[in-house]
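Colleague: Below you will find the structure I want to go over with you.
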Amino acid sequence: LASLPGDQATQALAKVLLNYQRKHHLWNLRQIVNRWAPTSENNTGAYVSAVAKAMAVGPEDSINLEDPDILASLVAAIIHHENGRNIYAPVIINAAVLDAQGRSVA
């Protein structure tokens with residue numbers, strides 16, 4: 001994803017996360033992050049904790065990625081965790097999330 005422009009990278013991430021929920025029925029943060037950042041490649045426990053804290057949700061809380069605000073929050077938290085900072089402006093993340101969800105961008 002890092003080789004794509006910000007809007008394409010964030011849209012791709014949002015689509016992957018939506019597919020985790022839509023196709024694989026992953027409903028809580030721990031399930032989603034475990035798939036995104038498997039323990040064979042990451043300290044998944046620390047990853048889950050950081051993302052949960054950033055989103056102000058519990059690791060086992062059910063989240064609905066069809067809600068654009070929740071999906072944008074997750075995308076932003078993952079980008080921040082992966083890069084040590086958020087490298088994309090919120091407007092880019094929000095537009096990419098809406099596009100990934102098939103919603104019009106106003």
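Just so we're on the same page: first chain in the structure tokens is A, next is B, and so on; residues restart at 1 for each chain, and ligands are numbered from 1 in the order they show up.
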Write out as a list in words which residues come within 9 Å of Ala100 of chain A when counting only C-alpha atoms, dropping same-chain ones fewer than 2 positions away.
Modeller: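 Selected residues are Thr10, Gln11, Ala12, Leu13, Ala14, Lys15, Leu18, Ala95, Ala96, Val97, Leu98, Gly102 and Arg103 of chain A.
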Colleague: Which residues come within 12 Å of Lys53 of chain A, counting only C-alpha atoms, excluding same-chain residues fewer than 2 positions away, as a list in words?
Modeller: Leu29, Ala46, Tyr47, Val48, Ser49, Ala50, Val51, Met55, Ala56, Val57, Gly58, Pro59, Ser73, Leu74, Ala77, Ile78, His80 and His81 of chain A
Colleague: Please return as JSON, numbers by chain: the residues of chain A that backbone DSSP assigns to alpha helix (DSSP H).
Modeller: {"A": [6, 7, 8, 9, 10, 11, 12, 13, 14, 15, 16, 17, 18, 19, 20, 21, 22, 29, 30, 31, 32, 33, 34, 35, 36, 44, 45, 46, 47, 48, 49, 50, 51, 52, 53, 54, 55, 68, 69, 70, 71, 72, 73, 74, 75, 76, 77, 78, 79, 80, 81, 82, 83, 90, 91, 92, 93, 94, 95, 96, 97, 98, 99, 100]}
Colleague: Provide the atom CA of Asn64 of chain A to atom CA of Thr39 of chain A distance in Å, to one decimal place.
Modeller: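 Atom-to-atom, atom CA of Asn64 of chain A and atom CA of Thr39 of chain A are spaced 23.8 Å apart.
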Colleague: For atom CA of Asn83 of chain A and atom CA of Arg30 of chain A, quote the distance in Å rounded to one decimal.
Modeller: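 Straight-line distance from atom CA of Asn83 of chain A to atom CA of Arg30 of chain A works out to 19.8 Å.
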Colleague: Please compute the atom CA of Ala9 of chain A-atom CA of Leu65 of chain A distance, one decimal, in Å.
Modeller: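 Taking atom CA of Ala9 of chain A and atom CA of Leu65 of chain A, their separation equals 17.4 Å.
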